[in-house]
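The data block below is input-v5.cif; it holds mmCIF, C-alpha atoms and all ligand atoms.
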```
data_model
#
loop_
_atom_site.label_atom_id
_atom_site.label_comp_id
_atom_site.auth_asym_id
_atom_site.auth_seq_id
_atom_site.Cartn_x
_atom_site.Cartn_y
_atom_site.Cartn_z
CA MET L 17 45.19 -5.65 -35.61
CA GLN L 18 43.77 -2.35 -34.34
CA LYS L 19 40.80 -2.48 -32.00
CA SER L 20 38.22 -0.90 -34.28
CA SER L 21 34.67 -1.31 -35.40
CA PHE L 22 33.71 -4.61 -36.99
CA GLN L 23 34.88 -5.24 -40.54
CA PRO L 24 34.43 -8.56 -42.28
CA LEU L 25 37.65 -10.14 -43.47
CA THR L 26 38.26 -11.02 -47.09
CA VAL L 27 40.87 -13.28 -48.69
CA GLU L 28 42.66 -10.09 -49.80
CA THR L 29 42.56 -8.15 -46.51
CA LEU L 30 43.21 -10.97 -44.07
CA PRO L 31 47.05 -11.12 -44.27
CA ALA L 32 47.55 -7.41 -43.62
CA ARG L 33 44.95 -7.37 -40.84
CA LEU L 34 46.20 -10.44 -38.97
CA SER L 35 49.97 -10.37 -39.50
CA THR L 36 50.57 -8.02 -36.54
CA ILE L 37 49.01 -10.52 -34.13
CA ALA L 38 51.92 -12.40 -32.58
CA ALA L 39 49.84 -15.55 -31.90
CA VAL L 40 49.02 -15.76 -35.62
CA ALA L 41 52.46 -14.82 -37.00
CA ASP L 42 54.05 -17.40 -34.66
CA LYS L 43 51.94 -20.15 -36.19
CA VAL L 44 51.85 -19.08 -39.85
CA GLY L 45 55.09 -17.16 -40.33
CA PRO L 46 56.16 -13.50 -40.05
CA GLU L 47 55.77 -12.52 -43.74
CA PRO L 48 52.11 -12.02 -44.70
CA GLU L 49 53.03 -11.68 -48.38
CA ARG L 50 53.94 -15.36 -48.24
CA TRP L 51 50.58 -16.41 -46.79
CA THR L 52 47.87 -18.01 -48.89
CA VAL L 53 44.26 -17.64 -47.80
CA GLN L 54 41.17 -19.61 -48.82
CA GLU L 55 37.59 -18.99 -47.67
CA VAL L 56 36.11 -22.42 -47.01
CA GLY L 57 32.99 -21.67 -44.95
CA ASP L 58 30.15 -23.93 -46.03
CA GLY L 59 28.08 -23.61 -42.86
CA ASN L 60 24.94 -21.55 -42.44
CA LEU L 61 26.30 -18.62 -40.47
CA ASN L 62 29.98 -17.57 -40.67
CA LEU L 63 33.12 -16.87 -42.66
CA VAL L 64 35.86 -19.51 -42.30
CA PHE L 65 39.37 -19.06 -43.72
CA ILE L 66 42.34 -21.42 -43.91
CA VAL L 67 45.59 -19.45 -43.75
CA ASP L 68 48.78 -21.23 -44.86
CA GLY L 69 52.33 -19.90 -44.49
CA GLU L 70 55.88 -21.14 -44.36
CA LYS L 71 55.61 -22.12 -40.68
CA GLY L 72 52.16 -23.68 -40.64
CA SER L 73 48.43 -23.10 -40.93
CA VAL L 74 45.55 -21.74 -38.86
CA VAL L 75 41.81 -21.47 -39.22
CA VAL L 76 40.20 -18.05 -38.85
CA LYS L 77 36.49 -18.03 -38.13
CA GLN L 78 34.59 -14.74 -38.21
CA ALA L 79 30.94 -14.19 -37.43
CA LEU L 80 28.91 -11.99 -39.76
CA PRO L 81 26.20 -9.62 -38.53
CA TYR L 82 23.57 -11.70 -40.34
CA VAL L 83 22.70 -15.32 -41.18
CA ARG L 84 24.92 -16.24 -44.14
CA LEU L 85 22.45 -18.86 -45.40
CA VAL L 86 19.67 -16.28 -45.73
CA GLY L 87 21.47 -12.94 -46.16
CA ASP L 88 21.33 -9.55 -44.47
CA SER L 89 17.53 -9.67 -44.24
CA TRP L 90 18.13 -11.87 -41.14
CA PRO L 91 20.41 -9.94 -38.74
CA LEU L 92 22.29 -12.00 -36.14
CA PRO L 93 24.51 -10.53 -33.42
CA LEU L 94 28.28 -10.89 -33.56
CA LYS L 95 28.36 -11.91 -29.91
CA ARG L 96 27.86 -15.55 -30.94
CA SER L 97 31.63 -15.56 -31.47
CA PHE L 98 32.09 -14.64 -27.79
CA PHE L 99 29.94 -17.61 -26.74
CA GLU L 100 31.79 -19.92 -29.10
CA TYR L 101 35.14 -18.82 -27.65
CA HIS L 102 33.98 -19.31 -24.07
CA ALA L 103 32.38 -22.68 -24.85
CA LEU L 104 35.59 -23.88 -26.52
CA THR L 105 37.66 -22.96 -23.47
CA ARG L 106 35.28 -24.80 -21.13
CA GLN L 107 35.08 -27.88 -23.36
CA ALA L 108 38.89 -27.98 -23.58
CA GLU L 109 39.06 -28.09 -19.75
CA ARG L 110 36.25 -30.59 -19.30
CA ALA L 111 37.17 -32.96 -22.13
CA PRO L 112 40.85 -32.32 -22.98
CA GLY L 113 41.94 -32.98 -26.55
CA THR L 114 38.43 -32.97 -28.04
CA VAL L 115 38.21 -29.44 -29.49
CA PRO L 116 40.57 -27.32 -31.62
CA ALA L 117 43.12 -25.23 -29.71
CA VAL L 118 42.30 -21.51 -29.66
CA TYR L 119 45.25 -19.21 -30.44
CA TYR L 120 43.56 -15.80 -30.41
CA PHE L 121 40.15 -14.18 -29.89
CA ASP L 122 39.04 -10.67 -30.86
CA GLU L 123 35.61 -9.87 -29.50
CA ALA L 124 35.07 -6.64 -31.51
CA GLN L 125 35.95 -8.37 -34.77
CA ALA L 126 33.99 -11.52 -33.73
CA LEU L 127 37.02 -13.50 -34.77
CA ILE L 128 38.59 -16.70 -33.44
CA VAL L 129 41.96 -17.99 -34.67
CA MET L 130 42.28 -21.68 -33.99
CA GLU L 131 44.08 -24.89 -34.77
CA TYR L 132 43.94 -26.09 -38.37
CA LEU L 133 42.87 -29.72 -38.16
CA SER L 134 44.51 -31.78 -40.88
CA PRO L 135 43.93 -34.27 -42.46
CA HIS L 136 40.55 -34.16 -40.71
CA ILE L 137 37.31 -33.97 -42.67
CA ILE L 138 33.78 -33.14 -41.57
CA LEU L 139 32.14 -36.28 -40.14
CA ARG L 140 29.00 -35.79 -42.24
CA ARG L 141 31.09 -35.88 -45.42
CA ALA L 142 32.81 -39.07 -44.28
CA LEU L 143 29.47 -40.76 -43.55
CA ILE L 144 28.08 -39.74 -46.95
CA LYS L 145 31.18 -41.25 -48.60
CA GLY L 146 30.59 -44.47 -46.67
CA GLU L 147 33.65 -44.28 -44.40
CA GLU L 148 33.46 -46.34 -41.23
CA LEU L 149 35.36 -44.33 -38.63
CA PRO L 150 36.50 -46.63 -35.83
CA LYS L 151 36.68 -44.12 -32.96
CA ILE L 152 33.69 -41.80 -33.17
CA ALA L 153 31.37 -43.74 -30.87
CA GLU L 154 33.85 -43.84 -28.01
CA ASP L 155 35.25 -40.34 -28.56
CA LEU L 156 31.88 -38.59 -28.82
CA GLY L 157 30.27 -40.66 -26.05
CA LEU L 158 33.12 -39.57 -23.76
CA PHE L 159 32.98 -35.96 -25.01
CA MET L 160 29.29 -35.67 -24.19
CA ALA L 161 29.49 -37.37 -20.79
CA ARG L 162 32.48 -35.26 -19.69
CA THR L 163 31.31 -31.86 -20.93
CA LEU L 164 27.69 -32.37 -19.86
CA PHE L 165 28.43 -33.85 -16.42
CA ARG L 166 31.26 -31.46 -15.58
CA GLY L 167 29.25 -28.38 -16.63
CA SER L 168 26.34 -29.21 -14.34
CA ASP L 169 25.40 -28.85 -10.67
CA LEU L 170 26.38 -32.49 -10.31
CA HIS L 171 30.00 -31.40 -10.48
CA MET L 172 30.53 -27.62 -10.43
CA GLU L 173 30.63 -25.37 -7.43
CA THR L 174 27.18 -23.79 -7.55
CA ARG L 175 28.30 -20.14 -7.54
CA ALA L 176 30.62 -20.77 -10.50
CA ARG L 177 27.86 -22.59 -12.35
CA LYS L 178 25.28 -19.86 -11.75
CA THR L 179 27.73 -17.18 -12.89
CA ASP L 180 28.38 -19.17 -16.04
CA LEU L 181 24.68 -19.76 -16.58
CA ALA L 182 24.13 -15.99 -16.45
CA LEU L 183 26.95 -15.41 -18.96
CA PHE L 184 25.53 -17.84 -21.52
CA ALA L 185 21.92 -16.74 -20.91
CA ASP L 186 22.68 -13.82 -23.23
CA ASN L 187 23.02 -16.17 -26.22
CA THR L 188 19.35 -15.41 -26.81
CA GLU L 189 19.30 -15.08 -30.58
CA LEU L 190 20.94 -18.44 -31.22
CA CYS L 191 18.56 -20.14 -28.77
CA ASP L 192 15.75 -18.38 -30.62
CA ILE L 193 16.93 -19.95 -33.90
CA THR L 194 16.74 -23.42 -32.34
CA GLU L 195 13.42 -22.71 -30.59
CA ASN L 196 11.82 -21.76 -33.89
CA LEU L 197 13.63 -23.84 -36.50
CA VAL L 198 13.77 -27.10 -34.53
CA PHE L 199 10.66 -27.18 -32.39
CA THR L 200 8.01 -25.08 -34.14
CA ASP L 201 8.49 -24.30 -37.84
CA PRO L 202 8.59 -27.92 -39.07
CA TYR L 203 5.06 -28.47 -37.72
CA PHE L 204 3.30 -25.79 -39.73
CA ASP L 205 3.72 -24.14 -43.09
CA ALA L 206 6.33 -21.62 -41.90
CA PRO L 207 7.67 -19.20 -44.55
CA MET L 208 11.25 -20.49 -44.71
CA ASN L 209 10.37 -24.20 -44.72
CA ARG L 210 10.95 -26.43 -47.71
CA HIS L 211 10.71 -30.14 -48.38
CA THR L 212 11.04 -32.63 -51.22
CA PRO L 213 7.74 -32.28 -53.17
CA GLU L 214 6.99 -36.02 -53.17
CA LEU L 215 6.62 -35.79 -49.39
CA ASP L 216 3.52 -33.53 -49.56
CA PRO L 217 0.97 -36.11 -48.31
CA LEU L 218 3.19 -37.26 -45.42
CA VAL L 219 4.00 -33.68 -44.46
CA ALA L 220 0.27 -32.90 -44.29
CA GLU L 221 -0.25 -36.00 -42.13
CA LEU L 222 2.52 -34.99 -39.70
CA ARG L 223 1.32 -31.40 -39.45
CA ALA L 224 -2.13 -32.70 -38.53
CA ASP L 225 -0.72 -35.12 -35.95
CA ARG L 226 -1.90 -33.82 -32.59
CA ASP L 227 0.26 -36.12 -30.45
CA LEU L 228 3.36 -35.14 -32.40
CA LYS L 229 2.66 -31.41 -32.21
CA VAL L 230 2.09 -31.65 -28.45
CA GLU L 231 5.28 -33.66 -27.93
CA ALA L 232 7.34 -31.23 -30.04
CA GLN L 233 6.21 -28.36 -27.83
CA ARG L 234 6.94 -30.38 -24.69
CA MET L 235 10.48 -30.80 -26.01
CA LYS L 236 10.69 -27.06 -26.68
CA HIS L 237 9.47 -26.42 -23.13
CA LEU L 238 12.29 -28.62 -21.81
CA PHE L 239 14.86 -26.99 -24.09
CA ALA L 240 13.88 -23.52 -22.91
CA SER L 241 13.55 -24.26 -19.20
CA LYS L 242 15.86 -27.09 -18.15
CA ALA L 243 19.10 -25.16 -17.59
CA GLU L 244 21.04 -28.22 -16.47
CA THR L 245 24.46 -27.88 -18.06
CA LEU L 246 26.50 -26.07 -20.70
CA VAL L 247 25.43 -27.82 -23.91
CA HIS L 248 27.22 -27.56 -27.25
CA GLY L 249 23.83 -26.66 -28.69
CA ASP L 250 24.39 -27.75 -32.31
CA LEU L 251 26.05 -31.15 -32.05
CA HIS L 252 25.30 -32.61 -35.46
CA THR L 253 27.71 -34.51 -37.71
CA GLY L 254 28.67 -31.24 -39.45
CA SER L 255 30.08 -30.05 -36.10
CA VAL L 256 32.61 -32.87 -35.84
CA MET L 257 35.93 -33.29 -37.67
CA VAL L 258 37.53 -36.70 -37.96
CA THR L 259 40.36 -38.88 -39.09
CA GLY L 260 40.54 -42.62 -38.41
CA GLU L 261 42.42 -41.81 -35.19
CA ASP L 262 41.17 -38.44 -34.01
CA THR L 263 37.77 -36.83 -33.35
CA ARG L 264 37.28 -33.10 -32.67
CA VAL L 265 34.12 -31.19 -31.95
CA ILE L 266 33.86 -27.72 -33.50
CA ASP L 267 31.39 -24.80 -33.74
CA PRO L 268 29.83 -24.46 -30.26
CA GLU L 269 28.35 -21.02 -31.00
CA PHE L 270 24.88 -22.24 -29.96
CA ALA L 271 26.18 -23.07 -26.46
CA PHE L 272 23.90 -22.26 -23.51
CA TYR L 273 22.68 -23.88 -20.30
CA GLY L 274 20.14 -26.45 -21.41
CA PRO L 275 19.16 -30.10 -20.94
CA ILE L 276 21.87 -32.79 -20.85
CA ALA L 277 19.77 -34.83 -23.28
CA PHE L 278 19.81 -32.16 -26.02
CA ASP L 279 23.33 -32.77 -27.37
CA VAL L 280 22.90 -36.54 -27.12
CA GLY L 281 19.59 -36.48 -29.01
CA MET L 282 20.88 -34.18 -31.72
CA LEU L 283 23.96 -36.31 -32.38
CA LEU L 284 22.07 -39.62 -32.48
CA ALA L 285 19.41 -38.06 -34.75
CA ASN L 286 22.13 -37.17 -37.23
CA TYR L 287 23.45 -40.75 -37.17
CA TRP L 288 19.94 -42.05 -37.80
CA MET L 289 19.59 -39.62 -40.71
CA ALA L 290 22.92 -40.85 -42.10
CA PHE L 291 21.51 -44.39 -41.79
CA PHE L 292 18.26 -43.58 -43.63
CA SER L 293 20.14 -41.74 -46.38
CA GLN L 294 22.44 -44.65 -47.32
CA LYS L 295 19.99 -46.00 -49.91
CA GLY L 296 20.58 -42.79 -51.86
CA HIS L 297 24.35 -43.26 -51.94
CA GLU L 298 24.61 -46.78 -53.32
CA ALA L 299 25.71 -45.89 -56.87
CA GLY L 300 29.25 -47.01 -55.97
CA GLY L 301 28.10 -50.26 -54.35
CA SER L 302 25.99 -51.64 -51.50
CA ARG L 303 25.94 -49.74 -48.23
CA ALA L 304 24.78 -52.73 -46.16
CA SER L 305 27.95 -52.68 -44.07
CA MET L 306 27.67 -48.91 -43.57
CA ARG L 307 24.09 -49.29 -42.34
CA ALA L 308 25.14 -51.90 -39.78
CA TYR L 309 28.08 -49.71 -38.77
CA LEU L 310 25.84 -46.67 -38.16
CA LEU L 311 23.40 -48.59 -35.95
CA LYS L 312 26.37 -49.96 -33.99
CA VAL L 313 27.78 -46.43 -33.61
CA ILE L 314 24.44 -45.28 -32.19
CA GLU L 315 24.40 -48.09 -29.60
CA GLU L 316 28.07 -47.65 -28.67
CA THR L 317 27.80 -43.87 -28.39
CA TRP L 318 24.94 -44.25 -25.92
CA THR L 319 26.59 -47.04 -23.89
CA THR L 320 29.87 -45.08 -23.73
CA PHE L 321 28.02 -41.92 -22.69
CA ARG L 322 26.07 -43.80 -20.02
CA ALA L 323 29.10 -45.65 -18.63
CA GLU L 324 31.26 -42.51 -18.45
CA PHE L 325 28.42 -40.47 -16.93
CA ALA L 326 28.02 -43.21 -14.28
CA ARG L 327 31.77 -43.25 -13.62
CA LEU L 328 31.79 -39.46 -13.13
CA TRP L 329 28.70 -39.74 -10.91
CA ARG L 330 30.62 -42.15 -8.65
CA THR L 331 33.94 -40.29 -8.66
CA GLU L 332 33.32 -36.56 -9.39
CA ARG L 333 29.91 -35.81 -7.86
CA THR L 334 31.15 -32.73 -6.03
CA GLY L 335 28.32 -30.31 -6.84
CA MET L 336 25.29 -29.48 -4.75
CA LEU L 337 22.96 -32.04 -6.36
CA TYR L 338 22.53 -35.56 -4.93
CA HIS L 339 25.07 -34.73 -2.27
CA ARG L 340 27.28 -37.52 -0.95
CA SER L 341 26.44 -36.49 2.62
CA LEU L 342 23.00 -38.03 2.08
CA TYR L 343 24.16 -41.20 0.42
CA GLU L 344 27.72 -42.56 0.40
CA ASP L 345 28.73 -40.73 3.60
CA GLN L 346 25.95 -42.60 5.40
CA GLY L 347 27.01 -45.88 3.86
CA ASP L 348 23.99 -45.85 1.51
CA THR L 349 25.69 -46.37 -1.85
CA LEU L 350 22.53 -47.96 -3.21
CA ALA L 351 20.64 -44.67 -2.80
CA ALA L 352 23.24 -42.94 -4.97
CA GLU L 353 22.89 -45.69 -7.58
CA GLN L 354 19.09 -45.40 -7.47
CA ALA L 355 19.31 -41.64 -8.04
CA LEU L 356 21.77 -42.19 -10.91
CA GLY L 357 19.29 -44.59 -12.50
CA HIS L 358 16.57 -41.92 -12.39
CA VAL L 359 18.82 -39.22 -13.86
CA LEU L 360 19.99 -41.47 -16.71
CA HIS L 361 16.47 -42.65 -17.43
CA GLU L 362 15.32 -39.05 -17.81
CA VAL L 363 18.24 -38.33 -20.17
CA TRP L 364 17.22 -41.41 -22.17
CA THR L 365 13.56 -40.44 -22.64
CA ASP L 366 14.36 -36.78 -23.33
CA MET L 367 17.15 -37.74 -25.74
CA LEU L 368 14.63 -39.69 -27.83
CA GLY L 369 12.30 -36.68 -27.98
CA PHE L 370 15.05 -34.29 -29.05
CA ALA L 371 16.27 -36.80 -31.65
CA GLY L 372 12.80 -37.14 -33.17
CA VAL L 373 12.24 -33.41 -33.67
CA GLU L 374 15.80 -32.88 -34.97
CA MET L 375 15.09 -35.46 -37.69
CA HIS L 376 11.90 -33.65 -38.64
CA ARG L 377 13.41 -30.20 -38.85
CA ARG L 378 16.24 -31.32 -41.15
CA ILE L 379 13.68 -32.63 -43.66
CA LEU L 380 10.81 -30.16 -43.25
CA GLY L 381 12.44 -26.92 -42.10
CA LEU L 382 14.95 -24.37 -43.37
CA ALA L 383 18.30 -26.06 -42.66
CA HIS L 384 18.59 -29.42 -44.41
CA ASN L 385 21.31 -32.09 -44.24
CA ALA L 386 23.61 -32.93 -47.14
CA ASP L 387 23.00 -36.63 -46.34
CA PHE L 388 19.56 -36.31 -47.98
CA GLU L 389 20.08 -33.17 -50.08
CA GLU L 390 22.79 -34.79 -52.21
CA ILE L 391 20.46 -37.56 -53.36
CA GLU L 392 19.57 -36.17 -56.78
CA ASP L 393 16.67 -38.49 -57.61
CA THR L 394 13.90 -36.77 -55.65
CA GLY L 395 11.73 -39.92 -55.58
CA LEU L 396 14.56 -41.89 -54.01
CA ARG L 397 15.36 -39.02 -51.65
CA ALA L 398 11.73 -38.72 -50.56
CA GLY L 399 11.63 -42.46 -49.78
CA CYS L 400 14.67 -42.11 -47.50
CA GLU L 401 13.27 -38.98 -45.88
CA ALA L 402 9.84 -40.54 -45.36
CA ALA L 403 11.38 -43.44 -43.43
CA ALA L 404 13.32 -40.94 -41.29
CA LEU L 405 10.20 -38.83 -40.68
CA ARG L 406 8.19 -41.86 -39.55
CA PHE L 407 11.02 -43.02 -37.33
CA GLY L 408 11.36 -39.53 -35.81
CA ARG L 409 7.63 -39.40 -35.12
CA HIS L 410 7.74 -42.80 -33.40
CA ILE L 411 10.63 -42.00 -31.07
CA ALA L 412 9.32 -38.53 -30.17
CA VAL L 413 5.75 -39.58 -29.41
CA ASN L 414 6.51 -42.94 -27.77
CA ARG L 415 9.70 -41.93 -26.00
CA ARG L 416 8.47 -42.91 -22.52
CA HIS L 417 7.68 -46.45 -23.64
CA ILE L 418 10.86 -47.31 -25.55
CA ALA L 419 13.08 -49.72 -23.64
CA SER L 420 16.25 -49.98 -25.67
CA LEU L 421 18.19 -48.90 -28.72
CA ALA L 422 18.01 -52.48 -30.00
CA GLU L 423 14.21 -52.06 -30.12
CA ILE L 424 14.24 -48.85 -32.13
CA ASN L 425 17.19 -49.78 -34.32
CA HIS L 426 15.14 -52.82 -35.33
CA LEU L 427 12.32 -50.47 -36.31
CA ALA L 428 14.82 -48.31 -38.23
CA GLN L 429 15.88 -51.37 -40.25
CA GLN L 430 12.26 -52.28 -41.02
CA LEU L 431 11.38 -48.74 -42.11
CA ASP L 432 14.51 -48.53 -44.21
CA GLU L 433 13.79 -51.84 -45.98
CA SER L 434 10.25 -50.81 -46.87
CA ALA L 435 11.14 -47.17 -47.61
CA ALA L 436 8.52 -45.60 -49.82
CA VAL L 437 6.80 -42.24 -49.65
CA SER L 438 3.17 -43.20 -49.20
C1 LIG P 1 19.77 -20.16 -39.62
S1 LIG P 1 20.87 -21.26 -38.94
C2 LIG P 1 20.28 -22.82 -39.37
C3 LIG P 1 20.96 -23.92 -38.66
O1 LIG P 1 22.35 -23.88 -38.92
C4 LIG P 1 23.06 -24.14 -37.72
O2 LIG P 1 24.08 -25.05 -37.94
C5 LIG P 1 22.03 -24.65 -36.73
O3 LIG P 1 21.86 -26.05 -36.84
C6 LIG P 1 20.84 -23.91 -37.16
O4 LIG P 1 19.63 -24.48 -36.69
MG MG P 2 27.66 -24.65 -36.99
#
```
Rendering of file as structure tokens:
Amino acid sequence: MQKSSFQPLTVETLPARLSTIAAVADKVGPEPERWTVQEVGDGNLNLVFIVDGEKGSVVVKQALPYVRLVGDSWPLPLKRSFFEYHALTRQAERAPGTVPAVYYFDEAQALIVMEYLSPHIILRRALIKGEELPKIAEDLGLFMARTLFRGSDLHMETRARKTDLALFADNTELCDITENLVFTDPYFDAPMNRHTPELDPLVAELRADRDLKVEAQRMKHLFASKAETLVHGDLHTGSVMVTGEDTRVIDPEFAFYGPIAFDVGMLLANYWMAFFSQKGHEAGGSRASMRAYLLKVIEETWTTFRAEFARLWRTERTGMLYHRSLYEDQGDTLAAEQALGHVLHEVWTDMLGFAGVEMHRRILGLAHNADFEEIEDTGLRAGCEAAALRFGRHIAVNRRHIASLAEINHLAQQLDESAAVS
């Protein structure tokens, strides 16, 4: 393809435009007239094509110069594709086998050609269908520990980390989306917000809740200032593709240097939302087993994350923070363990805060989750959402006083059993 000014691809133009790229023709086949192309993008921002040919298939993802969900009234720079490409390459090094392989990147066309994952489906869709995936807790716990530890000053050489931090600091517009949509808009009557009408009284209560509004801004303060590691930045269940045996993380276009706890909180929030939505998906039968499964996934994801983070702390702590010369090299292993305890405790309390606000924004803000949205009976949906909102408020405001996941999962069960709007 010629290096020229940006042009969005279409199903019709894609074969001619991409067939001259050797990396694509090698995977799909040399004759573009034999390719079939489908546009399958159902996310909020980009075009996504599946290209099939006689040799195989690829996915082509192209950024658009605006937010697809809203339209060209909301411009958004193409450079998010650059950050996605660079995040994918770093994640592939830090957690091998967890992201799709990248075959080709064109910065001017904001286009990434990558591995077609099949028969994978989006994790959110699997959870809505009631599928109990056996490997997600371990796979995603390991993914988060490895990418978040190995992208931080706990592991990286500090010059390399600071250079990388500067590179990703330019992902301003996508951070701005999160800063507004996650941390601010849900807590006032922002123009693009929407919510299920039956929630009106609870929404008014939450927007008048001083402790909640203060905590939400404290989380935003952390998000904007704690440049600890390269985070995925949008690690919800729509950013994961699964089979029973394989788990892959996709879509890191929101990547930037932020708090370790952000990815962990966002992922667990989306599991809790899946849990609270189950009542709305029981037409085909009870979801009692699915509920128990989801709470177990939450606990196992956290314990896997914590154990792997601790293992890396003991074996790969080569960065400039908590240097071994102060601890192990002086025979003081206990000091290193004490410091690890502090770091993990901070991730724990911050994770709860991020999870709470993520739950609120998916119910009160612009970008909602299919888990709730696909519950057609709005009274039933509002009951599920109300339980999630109350749970989110509890974990955000009380995050420093919560001792364990068992404690809050018990609260989740109680709220779910008594789910009602008022
Ligand atoms: C305008 S973008 C809305 C949301 O979609 C993305 O997936 C992010 O979650 C963002 O907040
Ligand atoms: Mg996305």
Exercise for the section: Return as a VMD selection string every polymer residue, whether protein, DNA or RNA, with at least one atom no more than 12 Å from an atom of ligand MG 2 (chain P); count only C-alpha atoms and all ligand atoms. Expected result: chain L and resid 57 to 64 77 79 83 to 85 96 to 97 100 138 190 194 248 to 257 265 to 271 383
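Put simply, atom CA of L:Glu332 is 9.0 Å away from atom CA of L:Phe165.
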Mind dumping a table of every stretch 272-304 of chain L residue within 10 Å of stretch 397-402 of chain L, with the nearest atom pair and its distance in Å to one decimal, using all atoms listed in the file, sorted by chain and rising number, as JSON lines?
```
{"residue": "L:Met289", "atom": "CA", "partner": "L:Glu401", "partner_atom": "CA", "distance": 8.2}
{"residue": "L:Ala290", "atom": "CA", "partner": "L:Cys400", "partner_atom": "CA", "distance": 9.9}
{"residue": "L:Phe291", "atom": "CA", "partner": "L:Cys400", "partner_atom": "CA", "distance": 9.2}
{"residue": "L:Phe292", "atom": "CA", "partner": "L:Cys400", "partner_atom": "CA", "distance": 5.5}
{"residue": "L:Ser293", "atom": "CA", "partner": "L:Cys400", "partner_atom": "CA", "distance": 5.6}
{"residue": "L:Gln294", "atom": "CA", "partner": "L:Cys400", "partner_atom": "CA", "distance": 8.2}
{"residue": "L:Lys295", "atom": "CA", "partner": "L:Cys400", "partner_atom": "CA", "distance": 7.0}
{"residue": "L:Gly296", "atom": "CA", "partner": "L:Arg397", "partner_atom": "CA", "distance": 6.4}
{"residue": "L:His297", "atom": "CA", "partner": "L:Arg397", "partner_atom": "CA", "distance": 9.9}
```
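Taking all atoms listed in the file into account, ligand LIG 1 (chain P) lies nearest to L:Pro202 out of the set L:Pro202, L:Pro31, L:Pro46, L:Gly335.
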Exercise for the section: Find the distance between atom CA of L:Asp366 and atom CA of L:Trp288 and write it in Å to one decimal. Expected result: 16.4 Å
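Considering only C-alpha atoms and all ligand atoms, the residue among L:His384, L:Lys229, L:Arg177, L:Arg415 positioned nearest to ligand LIG 1 (chain P) is L:His384.
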Handout entry: Test item: which residues lie within 9 Å of (28.0, -9.0, -36.5) counting all atoms listed in the file, as a ChimeraX atom specification
Key = /L:22-24,78-82,91-96,124-126
Exercise for the section: For L:Lys71, work out the shell of residues within 10 Å, counting all atoms listed in the file and skipping chain neighbours fewer than 2 positions away, then give it as JSON, numbers by chain. Expected result: {"L": [41, 42, 43, 44, 45, 46, 51, 68, 69, 73]}
Same residues, C-alpha atoms, saved as a PDB file, in the frame of the given file:
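Result written to out_33.pdb:
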```pdb
ATOM      1  CA  ALA L  41      52.460 -14.820 -37.000  1.00  0.00           C
ATOM      2  CA  ASP L  42      54.050 -17.400 -34.660  1.00  0.00           C
ATOM      3  CA  LYS L  43      51.940 -20.150 -36.190  1.00  0.00           C
ATOM      4  CA  VAL L  44      51.850 -19.080 -39.850  1.00  0.00           C
ATOM      5  CA  GLY L  45      55.090 -17.160 -40.330  1.00  0.00           C
ATOM      6  CA  PRO L  46      56.160 -13.500 -40.050  1.00  0.00           C
ATOM      7  CA  TRP L  51      50.580 -16.410 -46.790  1.00  0.00           C
ATOM      8  CA  ASP L  68      48.780 -21.230 -44.860  1.00  0.00           C
ATOM      9  CA  GLY L  69      52.330 -19.900 -44.490  1.00  0.00           C
ATOM     10  CA  SER L  73      48.430 -23.100 -40.930  1.00  0.00           C
TER      11      SER L  73
END
```
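Minimum atom-to-atom distance to L:Thr365, evaluated using only C-alpha atoms, belongs to L:Arg416 out of L:Arg416, L:Arg322, L:Arg50, L:His211.
Among the candidates L:Leu283, L:Ile152, L:Leu181, L:Ile37, the one nearest to ligand LIG 1 (chain P) when counting only C-alpha atoms and all ligand atoms is L:Leu283.
The closest residue to ligand LIG 1 (chain P), picked from L:Ala351, L:Ile66, L:Leu133, L:Val86 and counting all atoms listed in the file, is L:Val86.
Picture a line from atom CA of L:Asn209 to atom CA of L:Ala232; it runs 16.6 Å.
For the choices L:Arg378, L:His417, L:His361, L:Arg33, the atom-to-atom distance to ligand LIG 1 (chain P) is smallest for L:Arg378 when using all atoms listed in the file.
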